[in-house]
file input_24.txt (compact mmCIF, N, CA and C atoms and all ligand atoms)
# COMPACT_ATOMS: atom_id res chain seq x y z
N MET A 3 19.71 20.78 -21.93
CA MET A 3 19.38 19.55 -21.22
C MET A 3 19.59 18.35 -22.14
N LYS A 4 20.29 17.36 -21.63
CA LYS A 4 20.50 16.15 -22.40
C LYS A 4 19.45 15.12 -21.97
N VAL A 5 18.61 14.70 -22.93
CA VAL A 5 17.55 13.75 -22.62
C VAL A 5 18.09 12.32 -22.68
N ASP A 6 17.83 11.59 -21.61
CA ASP A 6 18.24 10.20 -21.54
C ASP A 6 16.98 9.34 -21.47
N THR A 7 16.57 8.81 -22.60
CA THR A 7 15.30 8.06 -22.66
C THR A 7 15.38 6.77 -21.85
N GLY A 8 16.58 6.26 -21.63
CA GLY A 8 16.72 5.03 -20.86
C GLY A 8 16.54 5.25 -19.37
N PHE A 9 16.63 6.50 -18.95
CA PHE A 9 16.54 6.79 -17.53
C PHE A 9 15.17 6.44 -16.96
N LEU A 10 14.10 6.83 -17.67
CA LEU A 10 12.75 6.54 -17.19
C LEU A 10 12.50 5.03 -17.21
N ASP A 11 13.01 4.36 -18.23
CA ASP A 11 12.87 2.90 -18.27
C ASP A 11 13.54 2.27 -17.06
N ALA A 12 14.71 2.77 -16.72
CA ALA A 12 15.43 2.24 -15.56
C ALA A 12 14.65 2.50 -14.28
N LEU A 13 14.00 3.65 -14.21
CA LEU A 13 13.20 3.98 -13.03
C LEU A 13 12.03 3.02 -12.87
N LYS A 14 11.39 2.70 -13.97
CA LYS A 14 10.24 1.80 -13.92
C LYS A 14 10.67 0.41 -13.47
N LEU A 15 11.87 0.02 -13.86
CA LEU A 15 12.39 -1.27 -13.43
C LEU A 15 12.70 -1.25 -11.94
N GLY A 16 13.02 -0.06 -11.43
CA GLY A 16 13.39 0.08 -10.03
C GLY A 16 12.19 0.03 -9.10
N GLY A 17 10.99 0.10 -9.64
CA GLY A 17 9.80 0.07 -8.80
C GLY A 17 8.70 0.92 -9.41
N GLU A 18 7.63 1.08 -8.65
CA GLU A 18 6.51 1.89 -9.14
C GLU A 18 6.97 3.33 -9.33
N PHE A 19 6.59 3.90 -10.43
CA PHE A 19 6.92 5.30 -10.67
C PHE A 19 5.74 5.96 -11.38
N ASP A 20 4.86 6.58 -10.58
CA ASP A 20 3.63 7.13 -11.15
C ASP A 20 3.61 8.66 -11.10
N ALA A 21 4.78 9.26 -11.25
CA ALA A 21 4.89 10.71 -11.14
C ALA A 21 4.09 11.45 -12.20
N ARG A 22 3.69 10.76 -13.25
CA ARG A 22 2.91 11.43 -14.31
C ARG A 22 1.58 11.96 -13.78
N LEU A 23 1.11 11.40 -12.68
CA LEU A 23 -0.17 11.84 -12.11
C LEU A 23 -0.08 13.22 -11.47
N CYS A 24 1.14 13.66 -11.18
CA CYS A 24 1.36 14.92 -10.46
C CYS A 24 0.77 16.11 -11.22
N ILE A 25 0.02 16.95 -10.51
CA ILE A 25 -0.56 18.16 -11.11
C ILE A 25 0.18 19.42 -10.65
N ASN A 26 1.33 19.21 -10.03
CA ASN A 26 2.22 20.31 -9.66
C ASN A 26 1.55 21.34 -8.76
N CYS A 27 0.79 20.85 -7.78
CA CYS A 27 0.03 21.76 -6.93
C CYS A 27 0.88 22.39 -5.83
N GLY A 28 1.99 21.73 -5.46
CA GLY A 28 2.89 22.28 -4.43
C GLY A 28 2.57 21.87 -3.02
N THR A 29 1.52 21.09 -2.81
CA THR A 29 1.16 20.66 -1.46
C THR A 29 2.29 19.91 -0.79
N CYS A 30 2.94 19.03 -1.54
CA CYS A 30 4.02 18.22 -0.97
C CYS A 30 5.17 19.10 -0.48
N THR A 31 5.51 20.08 -1.26
CA THR A 31 6.61 20.98 -0.89
C THR A 31 6.25 21.75 0.37
N ALA A 32 5.00 22.18 0.47
CA ALA A 32 4.57 22.97 1.62
C ALA A 32 4.56 22.15 2.91
N LEU A 33 4.30 20.85 2.80
CA LEU A 33 4.14 20.01 3.98
C LEU A 33 5.41 19.28 4.42
N CYS A 34 6.37 19.17 3.56
CA CYS A 34 7.56 18.35 3.86
C CYS A 34 8.28 18.88 5.11
N PRO A 35 8.44 18.06 6.13
CA PRO A 35 9.08 18.52 7.36
C PRO A 35 10.55 18.87 7.18
N LEU A 36 11.16 18.36 6.12
CA LEU A 36 12.56 18.68 5.85
C LEU A 36 12.69 19.88 4.92
N GLY A 37 11.56 20.35 4.43
CA GLY A 37 11.62 21.47 3.51
C GLY A 37 12.35 21.11 2.23
N LEU A 38 12.17 19.86 1.81
CA LEU A 38 12.84 19.39 0.59
C LEU A 38 12.15 20.02 -0.62
N GLU A 39 12.67 21.15 -0.99
CA GLU A 39 12.03 21.92 -2.05
C GLU A 39 12.01 21.16 -3.37
N ILE A 40 13.04 20.40 -3.60
CA ILE A 40 13.16 19.69 -4.87
C ILE A 40 12.20 18.51 -4.95
N LEU A 41 11.88 17.97 -3.76
CA LEU A 41 11.04 16.78 -3.73
C LEU A 41 9.60 17.15 -3.45
N PRO A 42 8.67 16.43 -4.00
CA PRO A 42 8.87 15.51 -5.09
C PRO A 42 8.61 16.13 -6.46
N ARG A 43 7.87 17.20 -6.51
CA ARG A 43 7.35 17.61 -7.82
C ARG A 43 8.41 17.99 -8.83
N ARG A 44 9.39 18.79 -8.42
CA ARG A 44 10.40 19.21 -9.41
C ARG A 44 11.27 18.04 -9.82
N LEU A 45 11.65 17.27 -8.83
CA LEU A 45 12.50 16.13 -9.12
C LEU A 45 11.80 15.13 -10.04
N PHE A 46 10.54 14.86 -9.78
CA PHE A 46 9.79 13.92 -10.61
C PHE A 46 9.71 14.44 -12.04
N ARG A 47 9.53 15.74 -12.18
CA ARG A 47 9.45 16.32 -13.53
C ARG A 47 10.77 16.11 -14.27
N HIS A 48 11.86 16.33 -13.58
CA HIS A 48 13.17 16.12 -14.22
C HIS A 48 13.28 14.66 -14.67
N ALA A 49 12.83 13.75 -13.81
CA ALA A 49 12.93 12.33 -14.14
C ALA A 49 12.07 11.98 -15.34
N LEU A 50 10.85 12.49 -15.37
CA LEU A 50 9.94 12.20 -16.48
C LEU A 50 10.47 12.75 -17.79
N LEU A 51 11.21 13.84 -17.71
CA LEU A 51 11.77 14.45 -18.92
C LEU A 51 13.07 13.76 -19.35
N GLY A 52 13.52 12.81 -18.55
CA GLY A 52 14.77 12.12 -18.89
C GLY A 52 15.99 12.98 -18.61
N ASP A 53 15.84 13.95 -17.71
CA ASP A 53 16.95 14.85 -17.38
C ASP A 53 17.79 14.20 -16.27
N ARG A 54 18.52 13.21 -16.66
CA ARG A 54 19.31 12.42 -15.72
C ARG A 54 20.29 13.27 -14.91
N GLU A 55 20.91 14.21 -15.57
CA GLU A 55 21.92 15.02 -14.89
C GLU A 55 21.33 15.76 -13.69
N ARG A 56 20.15 16.33 -13.87
CA ARG A 56 19.55 17.10 -12.78
C ARG A 56 19.08 16.18 -11.66
N VAL A 57 18.64 14.99 -12.02
CA VAL A 57 18.24 14.04 -10.98
C VAL A 57 19.47 13.61 -10.18
N LEU A 58 20.53 13.27 -10.88
CA LEU A 58 21.75 12.85 -10.18
C LEU A 58 22.30 13.96 -9.31
N GLY A 59 22.06 15.20 -9.74
CA GLY A 59 22.53 16.34 -8.97
C GLY A 59 21.78 16.51 -7.66
N GLU A 60 20.67 15.81 -7.51
CA GLU A 60 19.86 15.90 -6.29
C GLU A 60 19.94 14.62 -5.46
N THR A 61 21.02 13.90 -5.63
CA THR A 61 21.18 12.63 -4.91
C THR A 61 21.03 12.81 -3.40
N ASP A 62 21.60 13.87 -2.85
CA ASP A 62 21.50 14.10 -1.40
C ASP A 62 20.05 14.22 -0.96
N ALA A 63 19.26 14.97 -1.72
CA ALA A 63 17.85 15.15 -1.35
C ALA A 63 17.10 13.83 -1.47
N ILE A 64 17.41 13.07 -2.50
CA ILE A 64 16.73 11.77 -2.70
C ILE A 64 16.97 10.86 -1.50
N PHE A 65 18.18 10.90 -0.98
CA PHE A 65 18.49 10.02 0.15
C PHE A 65 18.21 10.67 1.51
N SER A 66 17.86 11.94 1.51
CA SER A 66 17.49 12.61 2.75
C SER A 66 16.02 12.38 3.11
N CYS A 67 15.20 12.15 2.12
CA CYS A 67 13.76 11.97 2.35
C CYS A 67 13.53 10.92 3.43
N LEU A 68 12.64 11.25 4.37
CA LEU A 68 12.36 10.37 5.50
C LEU A 68 11.36 9.27 5.16
N LEU A 69 10.78 9.35 3.98
CA LEU A 69 9.72 8.41 3.58
C LEU A 69 8.58 8.43 4.60
N CYS A 70 8.33 9.61 5.15
CA CYS A 70 7.29 9.75 6.18
C CYS A 70 5.89 9.75 5.59
N ARG A 71 5.80 10.01 4.30
CA ARG A 71 4.54 10.00 3.55
C ARG A 71 3.57 11.12 3.94
N LEU A 72 4.06 12.12 4.66
CA LEU A 72 3.18 13.25 4.96
C LEU A 72 2.71 13.91 3.66
N CYS A 73 3.63 14.03 2.75
CA CYS A 73 3.28 14.60 1.44
C CYS A 73 2.26 13.72 0.72
N GLU A 74 2.53 12.44 0.73
CA GLU A 74 1.70 11.48 -0.01
C GLU A 74 0.28 11.45 0.55
N ALA A 75 0.16 11.51 1.87
CA ALA A 75 -1.16 11.43 2.49
C ALA A 75 -2.04 12.61 2.11
N ASN A 76 -1.41 13.70 1.69
CA ASN A 76 -2.16 14.90 1.35
C ASN A 76 -2.11 15.24 -0.14
N CYS A 77 -1.57 14.37 -0.93
CA CYS A 77 -1.45 14.62 -2.36
C CYS A 77 -2.82 14.46 -3.03
N PRO A 78 -3.34 15.52 -3.65
CA PRO A 78 -4.68 15.44 -4.25
C PRO A 78 -4.74 14.54 -5.48
N ALA A 79 -3.57 14.23 -6.04
CA ALA A 79 -3.55 13.40 -7.25
C ALA A 79 -3.27 11.93 -6.93
N GLY A 80 -3.05 11.64 -5.65
CA GLY A 80 -2.82 10.24 -5.28
C GLY A 80 -1.49 9.68 -5.76
N VAL A 81 -0.50 10.56 -5.94
CA VAL A 81 0.81 10.09 -6.37
C VAL A 81 1.46 9.28 -5.24
N HIS A 82 2.03 8.14 -5.59
CA HIS A 82 2.72 7.31 -4.60
C HIS A 82 4.14 7.86 -4.44
N ILE A 83 4.21 8.95 -3.72
CA ILE A 83 5.46 9.72 -3.64
C ILE A 83 6.59 8.90 -3.02
N ALA A 84 6.32 8.26 -1.91
CA ALA A 84 7.39 7.51 -1.24
C ALA A 84 7.91 6.39 -2.14
N GLU A 85 6.99 5.72 -2.84
CA GLU A 85 7.44 4.65 -3.74
C GLU A 85 8.27 5.21 -4.89
N ASN A 86 7.91 6.39 -5.33
CA ASN A 86 8.69 7.02 -6.39
C ASN A 86 10.10 7.35 -5.90
N VAL A 87 10.18 7.82 -4.67
CA VAL A 87 11.50 8.11 -4.10
C VAL A 87 12.30 6.81 -3.97
N ARG A 88 11.62 5.76 -3.56
CA ARG A 88 12.30 4.46 -3.47
C ARG A 88 12.81 4.01 -4.83
N ALA A 89 12.01 4.24 -5.87
CA ALA A 89 12.41 3.86 -7.23
C ALA A 89 13.65 4.64 -7.65
N LEU A 90 13.66 5.93 -7.31
CA LEU A 90 14.83 6.75 -7.63
C LEU A 90 16.06 6.22 -6.91
N ARG A 91 15.90 5.87 -5.64
CA ARG A 91 17.03 5.35 -4.87
C ARG A 91 17.53 4.04 -5.46
N ALA A 92 16.59 3.19 -5.87
CA ALA A 92 16.98 1.91 -6.44
C ALA A 92 17.83 2.10 -7.69
N VAL A 93 17.42 3.04 -8.52
CA VAL A 93 18.17 3.29 -9.75
C VAL A 93 19.55 3.84 -9.42
N LEU A 94 19.60 4.75 -8.46
CA LEU A 94 20.90 5.31 -8.09
C LEU A 94 21.80 4.23 -7.48
N ASN A 95 21.20 3.36 -6.67
CA ASN A 95 21.99 2.29 -6.05
C ASN A 95 22.49 1.26 -7.06
N GLN A 96 21.73 1.11 -8.13
CA GLN A 96 22.13 0.15 -9.16
C GLN A 96 23.13 0.74 -10.13
N GLY A 97 23.49 1.97 -9.91
CA GLY A 97 24.54 2.55 -10.74
C GLY A 97 24.06 3.06 -12.06
N VAL A 98 23.00 3.85 -12.04
CA VAL A 98 22.51 4.42 -13.29
C VAL A 98 23.58 5.30 -13.94
N GLN A 99 24.56 5.70 -13.13
CA GLN A 99 25.64 6.49 -13.71
C GLN A 99 26.30 5.72 -14.83
N GLY A 100 26.54 4.44 -14.56
CA GLY A 100 27.19 3.62 -15.58
C GLY A 100 26.31 3.44 -16.79
N LEU A 101 25.01 3.26 -16.54
CA LEU A 101 24.04 3.09 -17.62
C LEU A 101 24.05 4.30 -18.53
N ALA A 102 24.05 5.48 -17.90
CA ALA A 102 23.94 6.69 -18.67
C ALA A 102 25.25 7.07 -19.35
N GLU A 103 26.35 6.63 -18.81
CA GLU A 103 27.64 6.99 -19.42
C GLU A 103 27.91 6.18 -20.67
N ALA A 104 27.10 5.09 -20.85
CA ALA A 104 27.33 4.22 -22.01
C ALA A 104 27.04 4.98 -23.30
S1 LIG B 1 1.13 17.04 -3.72
FE1 LIG B 1 1.01 15.47 -5.35
S2 LIG B 1 0.07 16.52 -7.11
FE2 LIG B 1 0.79 18.12 -5.67
S3 LIG B 1 2.88 18.67 -6.43
FE3 LIG B 1 3.11 17.07 -4.85
S4 LIG B 1 3.17 15.10 -5.97
FE4 LIG B 1 2.32 16.66 -7.35
S1 LIG B 2 8.07 11.52 2.38
FE1 LIG B 2 9.97 12.69 2.00
S2 LIG B 2 9.35 14.34 0.58
FE2 LIG B 2 7.47 13.51 1.53
S3 LIG B 2 7.08 14.84 3.32
FE3 LIG B 2 8.27 13.05 4.03
S4 LIG B 2 10.44 13.73 3.94
FE4 LIG B 2 9.24 15.17 2.66

call {"tool": "encode", "arguments": {"input": "input_24.txt", "output": "structure tokens"}}
result
Amino acid sequence: MKVDTGFLDALKLGGEFDARLCINCGTCTALCPLGLEILPRRLFRHALLGDRERVLGETDAIFSCLLCRLCEANCPAGVHIAENVRALRAVLNQGVQGLAEA
């Protein structure tokens, strides 16, 4: 895994990103109507670790999320899941690919 320390900084600029609160309980995965297995817990972990490649590899899932907040409403840790997904989208839309290729 190639760690990109600038990736998390870029995410924070893109909006609220409080994925550190996640306790990896799996509630979000169980409740997601789309069955987005990657979202949010695994994807957030990749982002927090600076694993840009794995996050970029899940672009389809990031943009598939309905932002319905069913996961968020039941998250025991109070993670702002939808806002985190929005932050990921913002970074992808701003071309983090270019940032990371530098
Ligand atoms: S429900 Fe909340 S605490 Fe549990 S895995 Fe999902 S984001 Fe993390
Ligand atoms: S907000 Fe996204 S990840 Fe959460 S339950 Fe809805 S579709 Fe799934």

call {"tool": "select_by_dssp", "arguments": {"input": "input_24.txt", "residues": "range 9-79 of chain A", "states": "helix (DSSP H, G or I)", "output": "JSON, numbers by chain"}}
result
{"A": [9, 10, 11, 12, 13, 14, 15, 16, 21, 22, 23, 29, 30, 31, 32, 33, 43, 44, 45, 46, 47, 48, 49, 50, 54, 55, 56, 57, 58, 61, 62, 63, 64, 65, 66, 72, 73, 74, 75]}

call {"tool": "residues_near_ligand", "arguments": {"input": "input_24.txt", "ligand": "ligand LIG 2 (chain B)", "cutoff": "5 Å", "atoms": "only N, CA and C atoms and all ligand atoms", "output": "list in words"}}
result
Leu33, Cys34, Pro35, Leu41, Cys67, Leu68, Leu69, Cys70, Arg71, Leu72 and Cys73 of chain A

call {"tool": "residues_near_ligand", "arguments": {"input": "input_24.txt", "ligand": "ligand LIG 1 (chain B)", "cutoff": "5 Å", "atoms": "only N, CA and C atoms and all ligand atoms", "output": "PyMOL selection string"}}
result
chain A and resi 24-30+43+77-79

call {"tool": "atom_distance", "arguments": {"input": "input_24.txt", "atom1": "atom C of Lys14 in chain A", "atom2": "atom N of Leu38 in chain A"}}
result
24.8 Å

call {"tool": "atom_distance", "arguments": {"input": "input_24.txt", "atom1": "CA of Phe65 in chain A", "atom2": "CA of Gln96 in chain A"}}
result
14.0 Å

call {"tool": "closest_residue", "arguments": {"input": "input_24.txt", "among": "A:Ala63, A:Leu10, A:Val5, A:Val81", "to": "Glu39 in chain A", "atoms": "all atoms listed in the file"}}
result
A:Ala63

call {"tool": "closest_residue", "arguments": {"input": "input_24.txt", "among": "A:Glu60, A:Glu74, A:Glu85, A:Asp53", "to": "Lys4 in chain A", "atoms": "only C-alpha atoms"}}
result
A:Asp53
